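Asks: My structure is stored as protein-v4.cif, with mmCIF, C-alpha atoms.
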data_start
loop_
_atom_site.label_atom_id
_atom_site.label_comp_id
_atom_site.auth_asym_id
_atom_site.auth_seq_id
_atom_site.Cartn_x
_atom_site.Cartn_y
_atom_site.Cartn_z
CA MET A 206 -159.27 -7.70 -101.43
CA TYR A 207 -159.60 -10.03 -104.39
CA GLY A 208 -156.77 -10.84 -106.79
CA ARG A 209 -156.46 -12.59 -110.11
CA ILE A 210 -153.28 -13.91 -111.74
CA ALA A 211 -153.47 -15.25 -115.28
CA ARG A 212 -150.88 -16.48 -117.75
CA THR A 213 -152.24 -16.00 -121.24
CA ILE A 214 -150.70 -17.34 -124.44
CA ALA A 215 -151.06 -15.05 -127.45
CA VAL A 216 -151.37 -16.19 -131.02
CA PRO A 217 -147.73 -16.25 -132.29
CA GLY A 218 -146.53 -12.72 -133.07
CA LYS A 219 -149.54 -11.07 -131.44
CA ARG A 220 -148.37 -10.68 -127.83
CA GLU A 221 -147.59 -6.99 -128.16
CA ALA A 222 -150.90 -6.20 -129.87
CA LEU A 223 -152.81 -8.15 -127.22
CA ALA A 224 -150.98 -6.36 -124.40
CA GLU A 225 -151.83 -2.98 -125.94
CA ILE A 226 -155.52 -3.84 -126.09
CA LEU A 227 -155.52 -5.03 -122.47
CA VAL A 228 -153.62 -2.00 -121.12
CA ASN A 229 -155.77 0.49 -123.02
CA GLY A 230 -159.04 -1.25 -122.22
CA THR A 231 -158.73 -1.48 -118.45
CA HIS A 232 -158.25 2.06 -117.16
CA ALA A 233 -160.45 3.42 -114.37
CA LEU A 234 -162.67 0.38 -113.89
CA PRO A 235 -164.88 0.74 -110.79
CA GLY A 236 -163.41 -1.27 -107.92
CA CYS A 237 -160.21 -2.15 -109.81
CA LEU A 238 -157.17 -1.13 -107.73
CA SER A 239 -154.52 -2.53 -110.05
CA TYR A 240 -154.35 -4.15 -113.51
CA VAL A 241 -150.82 -4.93 -114.67
CA VAL A 242 -149.76 -6.55 -117.94
CA ALA A 243 -146.27 -8.05 -118.25
CA ALA A 244 -144.37 -10.11 -120.82
CA ASP A 245 -142.99 -13.51 -119.76
CA SER A 246 -139.20 -13.26 -120.14
CA HIS A 247 -138.85 -16.90 -121.15
CA ASP A 248 -141.79 -17.41 -123.52
CA PRO A 249 -142.23 -15.02 -126.47
CA ASP A 250 -145.98 -15.63 -126.63
CA ALA A 251 -146.89 -15.47 -122.92
CA LEU A 252 -148.36 -12.56 -120.97
CA TRP A 253 -148.96 -12.38 -117.22
CA ILE A 254 -151.98 -10.35 -116.12
CA THR A 255 -152.22 -9.52 -112.41
CA GLU A 256 -155.28 -7.77 -111.05
CA ILE A 257 -156.33 -6.43 -107.65
CA TRP A 258 -159.99 -5.64 -107.02
CA GLU A 259 -161.81 -4.32 -103.96
CA ASP A 260 -163.76 -7.60 -103.94
CA ALA A 261 -164.87 -10.40 -106.25
CA GLU A 262 -168.20 -8.63 -106.83
CA SER A 263 -166.43 -5.59 -108.34
CA HIS A 264 -164.66 -7.87 -110.81
CA GLN A 265 -167.86 -9.69 -111.66
CA ALA A 266 -169.71 -6.41 -112.20
CA ALA A 267 -166.96 -5.09 -114.50
CA LEU A 268 -167.44 -8.02 -116.88
CA SER A 269 -170.76 -6.59 -117.99
CA LEU A 270 -169.44 -3.07 -118.70
CA PRO A 271 -169.54 -2.14 -122.39
CA ALA A 272 -165.86 -1.05 -122.23
CA ILE A 273 -164.80 -4.50 -121.01
CA GLN A 274 -166.98 -6.30 -123.52
CA THR A 275 -165.30 -4.28 -126.30
CA THR A 276 -161.85 -5.12 -124.91
CA VAL A 277 -162.71 -8.82 -124.70
CA ALA A 278 -164.07 -8.80 -128.24
CA GLN A 279 -160.89 -7.13 -129.53
CA GLY A 280 -158.51 -9.31 -127.56
CA ARG A 281 -160.10 -12.74 -127.94
CA PRO A 282 -158.90 -13.39 -131.53
CA LEU A 283 -155.31 -12.75 -130.36
CA ILE A 284 -155.46 -15.29 -127.51
CA ALA A 285 -154.35 -18.87 -128.21
CA SER A 286 -154.95 -20.23 -124.70
CA PHE A 287 -154.90 -19.60 -120.95
CA SER A 288 -152.20 -21.59 -119.18
CA THR A 289 -152.64 -20.46 -115.57
CA MET A 290 -155.58 -18.85 -113.81
CA ALA A 291 -155.56 -18.20 -110.09
CA GLU A 292 -157.85 -16.34 -107.72
CA THR A 293 -156.33 -14.92 -104.55
CA LEU A 294 -157.07 -13.02 -101.36
CA LEU A 295 -154.51 -10.31 -100.62
CA ILE A 296 -152.61 -10.70 -97.37
CA GLY A 297 -150.27 -7.71 -97.49
CA GLY A 298 -147.08 -6.27 -98.84
CA SER A 299 -145.46 -3.08 -100.05
CA GLY A 300 -146.07 -0.88 -103.06
CA LEU A 301 -149.78 -1.60 -103.19
CA PRO A 302 -152.03 1.07 -104.68
CA LYS A 303 -152.83 3.63 -101.93
CA SER A 304 -156.35 2.39 -101.40
CA ALA A 305 -155.08 -1.18 -100.93
CA GLU A 306 -152.43 -0.51 -98.25
CA ARG A 307 -153.16 -2.08 -94.90
CA MET B 578 -139.03 -2.90 -115.12
CA TYR B 579 -138.51 -6.43 -113.92
CA GLY B 580 -141.24 -8.60 -112.41
CA ARG B 581 -141.39 -11.91 -110.61
CA ILE B 582 -144.44 -14.12 -110.03
CA ALA B 583 -144.08 -17.16 -107.81
CA ARG B 584 -146.54 -19.71 -106.48
CA THR B 585 -145.16 -21.15 -103.27
CA ILE B 586 -146.54 -24.12 -101.36
CA ALA B 587 -146.27 -23.83 -97.59
CA VAL B 588 -145.84 -26.74 -95.23
CA PRO B 589 -149.44 -27.74 -94.25
CA GLY B 590 -150.85 -25.30 -91.69
CA LYS B 591 -147.99 -22.82 -92.10
CA ARG B 592 -149.24 -20.59 -94.90
CA GLU B 593 -150.25 -17.74 -92.62
CA ALA B 594 -146.96 -17.81 -90.70
CA LEU B 595 -144.98 -17.86 -93.94
CA ALA B 596 -146.97 -14.94 -95.36
CA GLU B 597 -146.35 -12.91 -92.19
CA ILE B 598 -142.57 -13.47 -92.47
CA LEU B 599 -142.57 -12.48 -96.15
CA VAL B 600 -144.69 -9.34 -95.65
CA ASN B 601 -142.66 -8.16 -92.65
CA GLY B 602 -139.28 -8.94 -94.21
CA THR B 603 -139.66 -7.11 -97.49
CA HIS B 604 -140.39 -3.48 -96.64
CA ALA B 605 -138.33 -0.67 -98.17
CA LEU B 606 -135.95 -2.80 -100.20
CA PRO B 607 -133.82 -0.67 -102.55
CA GLY B 608 -135.20 -0.86 -106.09
CA CYS B 609 -138.30 -2.82 -105.04
CA LEU B 610 -141.43 -1.04 -106.28
CA SER B 611 -143.95 -3.63 -105.17
CA TYR B 612 -143.96 -6.89 -103.19
CA VAL B 613 -147.41 -8.41 -102.69
CA VAL B 614 -148.30 -11.62 -100.88
CA ALA B 615 -151.68 -13.27 -101.52
CA ALA B 616 -153.39 -16.51 -100.55
CA ASP B 617 -154.56 -18.85 -103.32
CA SER B 618 -158.35 -19.09 -102.94
CA HIS B 619 -158.46 -22.70 -104.11
CA ASP B 620 -155.43 -24.26 -102.35
CA PRO B 621 -155.11 -23.86 -98.57
CA ASP B 622 -151.32 -24.20 -98.68
CA ALA B 623 -150.49 -21.98 -101.68
CA LEU B 624 -149.26 -18.39 -101.69
CA TRP B 625 -148.73 -16.14 -104.70
CA ILE B 626 -145.89 -13.64 -104.44
CA THR B 627 -145.76 -10.89 -107.08
CA GLU B 628 -142.84 -8.49 -107.19
CA ILE B 629 -141.95 -5.43 -109.27
CA TRP B 630 -138.35 -4.20 -109.30
CA GLU B 631 -136.67 -1.31 -111.10
CA ASP B 632 -134.52 -3.89 -112.88
CA ALA B 633 -133.19 -7.43 -112.45
CA GLU B 634 -129.97 -6.08 -110.93
CA SER B 635 -131.90 -4.48 -108.04
CA HIS B 636 -133.48 -7.84 -107.27
CA GLN B 637 -130.16 -9.65 -107.50
CA ALA B 638 -128.51 -7.09 -105.20
CA ALA B 639 -131.29 -7.43 -102.61
CA LEU B 640 -130.59 -11.15 -102.22
CA SER B 641 -127.34 -10.36 -100.43
CA LEU B 642 -128.89 -7.89 -97.94
CA PRO B 643 -128.78 -9.14 -94.33
CA ALA B 644 -132.52 -8.38 -93.95
CA ILE B 645 -133.36 -10.66 -96.87
CA GLN B 646 -131.04 -13.39 -95.72
CA THR B 647 -132.79 -13.34 -92.34
CA THR B 648 -136.20 -13.49 -94.03
CA VAL B 649 -135.10 -16.40 -96.22
CA ALA B 650 -133.68 -18.26 -93.21
CA GLN B 651 -136.95 -17.76 -91.28
CA GLY B 652 -139.22 -18.65 -94.19
CA ARG B 653 -137.40 -21.61 -95.71
CA PRO B 654 -138.51 -24.20 -93.09
CA LEU B 655 -142.14 -23.25 -93.80
CA ILE B 656 -141.87 -23.80 -97.57
CA ALA B 657 -142.74 -27.22 -98.98
CA SER B 658 -142.11 -26.39 -102.65
CA PHE B 659 -142.27 -23.81 -105.43
CA SER B 660 -144.85 -24.68 -108.06
CA THR B 661 -144.58 -21.71 -110.45
CA MET B 662 -141.79 -19.20 -110.96
CA ALA B 663 -141.90 -16.62 -113.72
CA GLU B 664 -139.79 -13.63 -114.65
CA THR B 665 -141.46 -10.80 -116.53
CA LEU B 666 -140.93 -7.43 -118.14
CA LEU B 667 -143.65 -4.94 -117.32
CA ILE B 668 -145.59 -3.59 -120.28
CA GLY B 669 -148.11 -1.30 -118.57
CA GLY B 670 -151.35 -1.04 -116.72
CA SER B 671 -153.14 0.84 -114.01
CA GLY B 672 -152.64 1.08 -110.25
CA LEU B 673 -148.87 0.62 -110.46
CA PRO B 674 -146.78 2.19 -107.71
CA LYS B 675 -146.21 5.87 -108.56
CA SER B 676 -142.60 5.34 -109.62
CA ALA B 677 -143.65 2.56 -111.98
CA GLU B 678 -146.38 4.44 -113.89
CA ARG B 679 -145.62 5.04 -117.56
#
Please rewrite the model in this file as C-alpha coordinates.
Replies:
Amino acid sequence: MYGRIARTIAVPGKREALAEILVNGTHALPGCLSYVVAADSHDPDALWITEIWEDAESHQAALSLPAIQTTVAQGRPLIASFSTMAETLLIGGSGLPKSAER
Amino acid sequence: MYGRIARTIAVPGKREALAEILVNGTHALPGCLSYVVAADSHDPDALWITEIWEDAESHQAALSLPAIQTTVAQGRPLIASFSTMAETLLIGGSGLPKSAER
(Lines of atoms letter the chains of each structure in order from A and count residues from 1; the text may use other names and numbers.)
(Lines give C-alpha, C1' and ligand atoms only; values in the text may rest on other atoms or scores of the structure.)
Protein backbone atom coordinates (compact mmCIF):
# COMPACT_ATOMS: atom_id res chain seq x y z
CA MET A 1 0.00 0.00 0.00
CA TYR A 2 1.06 3.52 -0.88
CA GLY A 3 1.00 6.43 1.57
CA ARG A 4 1.42 10.17 1.33
CA ILE A 5 2.14 12.60 4.16
CA ALA A 6 2.06 16.32 3.43
CA ARG A 7 2.37 19.41 5.59
CA THR A 8 0.60 22.25 3.86
CA ILE A 9 0.71 25.92 4.87
CA ALA A 10 -2.54 27.80 4.33
CA VAL A 11 -2.81 31.47 3.49
CA PRO A 12 -3.12 33.18 6.93
CA GLY A 13 -6.65 32.79 8.30
CA LYS A 14 -7.67 30.26 5.66
CA ARG A 15 -6.66 26.96 7.29
CA GLU A 16 -10.20 26.04 8.31
CA ALA A 17 -11.65 26.85 4.90
CA LEU A 18 -8.92 24.85 3.17
CA ALA A 19 -9.49 21.86 5.47
CA GLU A 20 -13.22 21.94 4.72
CA ILE A 21 -12.58 21.86 0.97
CA LEU A 22 -10.14 18.95 1.32
CA VAL A 23 -12.40 16.89 3.62
CA ASN A 24 -15.48 17.43 1.45
CA GLY A 25 -13.66 16.85 -1.82
CA THR A 26 -12.05 13.50 -1.07
CA HIS A 27 -14.85 11.10 -0.16
CA ALA A 28 -15.14 7.73 -1.88
CA LEU A 29 -12.20 8.06 -4.26
CA PRO A 30 -11.46 4.76 -6.04
CA GLY A 31 -8.49 3.06 -4.39
CA CYS A 32 -8.27 5.58 -1.52
CA LEU A 33 -8.37 3.73 1.82
CA SER A 34 -7.85 6.75 4.05
CA TYR A 35 -7.62 10.55 3.66
CA VAL A 36 -7.22 12.40 6.95
CA VAL A 37 -6.90 16.16 7.46
CA ALA A 38 -5.51 17.49 10.76
CA ALA A 39 -4.50 20.87 12.15
CA ASP A 40 -0.91 21.33 13.38
CA SER A 41 -1.17 22.13 17.10
CA HIS A 42 1.85 24.43 17.04
CA ASP A 43 1.37 26.37 13.80
CA PRO A 44 -1.95 28.17 13.18
CA ASP A 45 -1.56 27.99 9.41
CA ALA A 46 -0.36 24.39 8.98
CA LEU A 47 -2.38 21.33 7.99
CA TRP A 48 -1.18 17.72 7.88
CA ILE A 49 -2.75 15.54 5.19
CA THR A 50 -2.16 11.79 5.47
CA GLU A 51 -3.37 9.46 2.75
CA ILE A 52 -3.39 5.69 2.24
CA TRP A 53 -4.00 4.30 -1.23
CA GLU A 54 -4.14 0.74 -2.55
CA ASP A 55 -1.15 1.62 -4.74
CA ALA A 56 0.57 4.61 -6.35
CA GLU A 57 -1.38 4.02 -9.57
CA SER A 58 -4.72 4.57 -7.77
CA HIS A 59 -3.46 7.92 -6.50
CA GLN A 60 -2.17 8.91 -9.92
CA ALA A 61 -5.47 7.95 -11.55
CA ALA A 62 -7.47 9.99 -9.01
CA LEU A 63 -5.64 13.17 -10.01
CA SER A 64 -7.48 13.20 -13.32
CA LEU A 65 -10.97 12.76 -11.82
CA PRO A 66 -13.19 15.81 -12.30
CA ALA A 67 -14.04 15.80 -8.55
CA ILE A 68 -10.36 16.08 -7.63
CA GLN A 69 -9.68 18.73 -10.24
CA THR A 70 -12.53 20.80 -8.76
CA THR A 71 -11.13 20.32 -5.24
CA VAL A 72 -7.64 21.34 -6.36
CA ALA A 73 -9.00 24.40 -8.15
CA GLN A 74 -10.95 25.44 -5.03
CA GLY A 75 -8.12 24.76 -2.60
CA ARG A 76 -5.13 26.12 -4.49
CA PRO A 77 -5.81 29.84 -3.80
CA LEU A 78 -5.87 29.04 -0.06
CA ILE A 79 -2.46 27.31 -0.05
CA ALA A 80 0.63 29.41 0.68
CA SER A 81 3.18 26.58 0.40
CA PHE A 82 3.97 22.91 0.97
CA SER A 83 6.55 22.39 3.70
CA THR A 84 6.82 18.59 3.80
CA MET A 85 5.89 15.96 1.24
CA ALA A 86 6.66 12.30 1.77
CA GLU A 87 5.75 9.12 -0.06
CA THR A 88 5.64 5.90 1.95
CA LEU A 89 5.03 2.17 1.77
CA LEU A 90 2.86 0.88 4.60
CA ILE A 91 4.48 -1.69 6.85
CA GLY A 92 1.72 -2.33 9.39
CA GLY A 93 -0.02 -1.15 12.50
CA SER A 94 -3.39 -0.96 14.20
CA GLY A 95 -6.56 0.94 13.40
CA LEU A 96 -6.04 0.78 9.66
CA PRO A 97 -9.14 0.86 7.46
CA LYS A 98 -10.53 -2.71 7.21
CA SER A 99 -9.28 -3.26 3.69
CA ALA A 100 -5.76 -2.22 4.73
CA GLU A 101 -5.31 -4.54 7.74
CA ARG A 102 -2.64 -7.17 7.30
CA MET B 1 -8.94 13.78 18.71
CA TYR B 2 -5.19 14.03 19.09
CA GLY B 3 -2.70 13.03 16.41
CA ARG B 4 1.04 12.55 16.22
CA ILE B 5 3.21 12.38 13.10
CA ALA B 6 6.87 11.48 13.48
CA ARG B 7 9.65 10.82 11.01
CA THR B 8 12.22 8.58 12.66
CA ILE B 9 15.64 7.70 11.29
CA ALA B 10 16.78 4.16 12.05
CA VAL B 11 20.36 3.10 12.54
CA PRO B 12 21.54 2.04 9.02
CA GLY B 13 20.19 -1.40 8.14
CA LYS B 14 17.81 -1.51 11.11
CA ARG B 15 14.67 0.09 9.70
CA GLU B 16 12.84 -3.19 9.21
CA ALA B 17 13.70 -4.46 12.70
CA LEU B 18 12.61 -1.17 14.26
CA ALA B 19 9.31 -1.21 12.34
CA GLU B 20 8.62 -4.77 13.51
CA ILE B 21 9.14 -3.77 17.17
CA LEU B 22 6.87 -0.74 16.80
CA VAL B 23 4.08 -2.64 15.01
CA ASN B 24 4.14 -5.53 17.47
CA GLY B 25 4.39 -3.33 20.56
CA THR B 26 1.46 -1.02 19.93
CA HIS B 27 -1.62 -3.23 19.61
CA ALA B 28 -4.73 -2.53 21.68
CA LEU B 29 -3.43 0.46 23.61
CA PRO B 30 -6.22 2.15 25.60
CA GLY B 31 -7.39 5.28 23.78
CA CYS B 32 -5.27 4.58 20.68
CA LEU B 33 -7.47 4.63 17.58
CA SER B 34 -4.72 4.18 15.02
CA TYR B 35 -0.97 3.52 14.99
CA VAL B 36 0.53 3.12 11.52
CA VAL B 37 4.16 2.49 10.61
CA ALA B 38 5.35 3.18 7.05
CA ALA B 39 8.67 3.22 5.23
CA ASP B 40 9.79 6.44 3.54
CA SER B 41 10.05 5.64 -0.18
CA HIS B 42 12.97 8.00 -0.71
CA ASP B 43 15.15 7.39 2.37
CA PRO B 44 16.18 3.80 3.18
CA ASP B 45 16.57 4.58 6.89
CA ALA B 46 13.43 6.65 7.52
CA LEU B 47 10.12 5.54 9.03
CA TRP B 48 6.93 7.57 9.35
CA ILE B 49 4.79 6.84 12.40
CA THR B 50 1.27 8.30 12.41
CA GLU B 51 -0.92 7.95 15.48
CA ILE B 52 -4.51 8.89 16.35
CA TRP B 53 -5.56 8.99 20.01
CA GLU B 54 -8.86 9.85 21.67
CA ASP B 55 -7.05 12.73 23.37
CA ALA B 56 -3.57 13.81 24.46
CA GLU B 57 -4.17 12.38 27.94
CA SER B 58 -4.64 8.86 26.52
CA HIS B 59 -1.29 9.14 24.78
CA GLN B 60 0.40 10.48 27.90
CA ALA B 61 -1.08 7.68 30.01
CA ALA B 62 0.12 5.01 27.55
CA LEU B 63 3.73 6.10 28.00
CA SER B 64 3.76 4.63 31.50
CA LEU B 65 2.34 1.23 30.47
CA PRO B 66 4.82 -1.63 30.92
CA ALA B 67 4.15 -2.80 27.33
CA ILE B 68 5.17 0.60 25.96
CA GLN B 69 8.20 0.86 28.18
CA THR B 70 9.35 -2.53 26.87
CA THR B 71 8.77 -1.41 23.28
CA VAL B 72 10.70 1.82 23.86
CA ALA B 73 13.57 -0.07 25.49
CA GLN B 74 13.73 -2.50 22.53
CA GLY B 75 13.41 0.18 19.86
CA ARG B 76 15.65 2.91 21.23
CA PRO B 77 19.00 1.27 20.25
CA LEU B 78 17.75 1.05 16.65
CA ILE B 79 16.88 4.77 16.41
CA ALA B 80 19.51 7.18 15.10
CA SER B 81 17.40 10.35 15.34
CA PHE B 82 13.97 11.95 15.05
CA SER B 83 13.74 14.32 12.10
CA THR B 84 10.10 15.49 12.31
CA MET B 85 7.66 15.45 15.20
CA ALA B 86 4.25 17.05 14.96
CA GLU B 87 1.18 17.12 17.17
CA THR B 88 -2.19 17.59 15.50
CA LEU B 89 -5.89 17.94 16.10
CA LEU B 90 -7.98 15.88 13.72
CA ILE B 91 -10.39 17.84 11.53
CA GLY B 92 -11.96 15.08 9.44
CA GLY B 93 -11.60 12.82 6.48
CA SER B 94 -12.41 9.38 5.19
CA GLY B 95 -11.22 5.91 6.17
CA LEU B 96 -10.76 6.81 9.84
CA PRO B 97 -11.15 4.01 12.36
CA LYS B 98 -14.87 3.54 13.11
CA SER B 99 -14.66 5.22 16.51
CA ALA B 100 -12.98 8.26 14.96
CA GLU B 101 -15.51 8.94 12.18
CA ARG B 102 -17.40 12.21 12.52
Asks: Apply the PyMOL selection byres ((chain B and resi 633) around 10) to the file shown and report the selected residues as a ChimeraX atom specification.
Replies: /B:578-581,608,629-632,634-638,664-666
Asks: For the residues selected in the previous step, produce a file with C-alpha atoms as a PDB file, in the frame of the given file.
Replies:
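Final output, saved to part.pdb:
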ATOM      1  CA  MET B 578    -139.030  -2.900-115.120  1.00  0.00           C
ATOM      2  CA  TYR B 579    -138.510  -6.430-113.920  1.00  0.00           C
ATOM      3  CA  GLY B 580    -141.240  -8.600-112.410  1.00  0.00           C
ATOM      4  CA  ARG B 581    -141.390 -11.910-110.610  1.00  0.00           C
ATOM      5  CA  GLY B 608    -135.200  -0.860-106.090  1.00  0.00           C
ATOM      6  CA  ILE B 629    -141.950  -5.430-109.270  1.00  0.00           C
ATOM      7  CA  TRP B 630    -138.350  -4.200-109.300  1.00  0.00           C
ATOM      8  CA  GLU B 631    -136.670  -1.310-111.100  1.00  0.00           C
ATOM      9  CA  ASP B 632    -134.520  -3.890-112.880  1.00  0.00           C
ATOM     10  CA  GLU B 634    -129.970  -6.080-110.930  1.00  0.00           C
ATOM     11  CA  SER B 635    -131.900  -4.480-108.040  1.00  0.00           C
ATOM     12  CA  HIS B 636    -133.480  -7.840-107.270  1.00  0.00           C
ATOM     13  CA  GLN B 637    -130.160  -9.650-107.500  1.00  0.00           C
ATOM     14  CA  ALA B 638    -128.510  -7.090-105.200  1.00  0.00           C
ATOM     15  CA  GLU B 664    -139.790 -13.630-114.650  1.00  0.00           C
ATOM     16  CA  THR B 665    -141.460 -10.800-116.530  1.00  0.00           C
ATOM     17  CA  LEU B 666    -140.930  -7.430-118.140  1.00  0.00           C
TER      18      LEU B 666
END
Asks: Counting all atoms listed in the file, which residues of chain A sit at most 9 Å from some atom of chain B, and what is each one's closest atom pair with its distance in Å to one decimal, listed by chain and rising residue number, as a tab-separated table?
Replies:
residue	atom	partner	partner_atom	distance
A:Gly208	CA	B:Ala615	CA	7.7
A:Ile210	CA	B:Trp625	CA	8.7
A:Glu221	CA	B:Ile668	CA	8.8
A:Ala224	CA	B:Ile668	CA	7.3
A:Glu225	CA	B:Gly669	CA	8.4
A:Leu227	CA	B:Gly670	CA	8.1
A:Val228	CA	B:Gly670	CA	5.0
A:Asn229	CA	B:Gly670	CA	7.8
A:Thr231	CA	B:Ser671	CA	7.5
A:His232	CA	B:Ser671	CA	6.1
A:Ala233	CA	B:Ser671	CA	7.8
A:Cys237	CA	B:Gly672	CA	8.2
A:Leu238	CA	B:Gly672	CA	5.6
A:Ser239	CA	B:Gly672	CA	4.1
A:Tyr240	CA	B:Ser671	CA	5.2
A:Val241	CA	B:Gly670	CA	4.4
A:Val242	CA	B:Gly669	CA	5.5
A:Ala243	CA	B:Leu667	CA	4.2
A:Ala244	CA	B:Leu666	CA	5.1
A:Asp245	CA	B:Thr665	CA	4.5
A:Ser246	CA	B:Thr665	CA	4.9
A:His247	CA	B:Glu664	CA	7.3
A:Leu252	CA	B:Thr665	CA	8.4
A:Trp253	CA	B:Thr665	CA	7.7
A:Thr255	CA	B:Thr627	CA	8.5
A:Ile257	CA	B:Gly672	CA	8.8
A:Ala291	CA	B:Asp617	CA	6.9
A:Glu292	CA	B:Ser618	CA	5.5
A:Thr293	CA	B:Asp617	CA	4.5
A:Leu294	CA	B:Ala616	CA	5.1
A:Leu295	CA	B:Ala615	CA	4.2
A:Ile296	CA	B:Ala615	CA	5.0
A:Gly297	CA	B:Val614	CA	5.5
A:Gly298	CA	B:Val613	CA	4.4
A:Ser299	CA	B:Tyr612	CA	5.2
A:Gly300	CA	B:Ser611	CA	4.1
A:Leu301	CA	B:Ser611	CA	6.5
A:Pro302	CA	B:Gly672	CA	5.6
A:Lys303	CA	B:Pro674	CA	8.5
Asks: How many Å lie between CA of Leu283 in chain A and CA of Pro235 in chain A, rounded to one decimal?
Replies: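 Pair CA of Leu283 in chain A / CA of Pro235 in chain A returns 25.6 Å.
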Asks: State, in Å with one decimal place, the distance from CA of Ser658 in chain B to CA of Thr585 in chain B.
Replies: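 So the two atoms, CA of Ser658 in chain B and CA of Thr585 in chain B, lie 6.1 Å apart.
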Asks: What's the separation between CA of Arg281 in chain A and CA of Ala583 in chain B, in Å to one decimal place?
Replies: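 It comes out at 26.1 Å.
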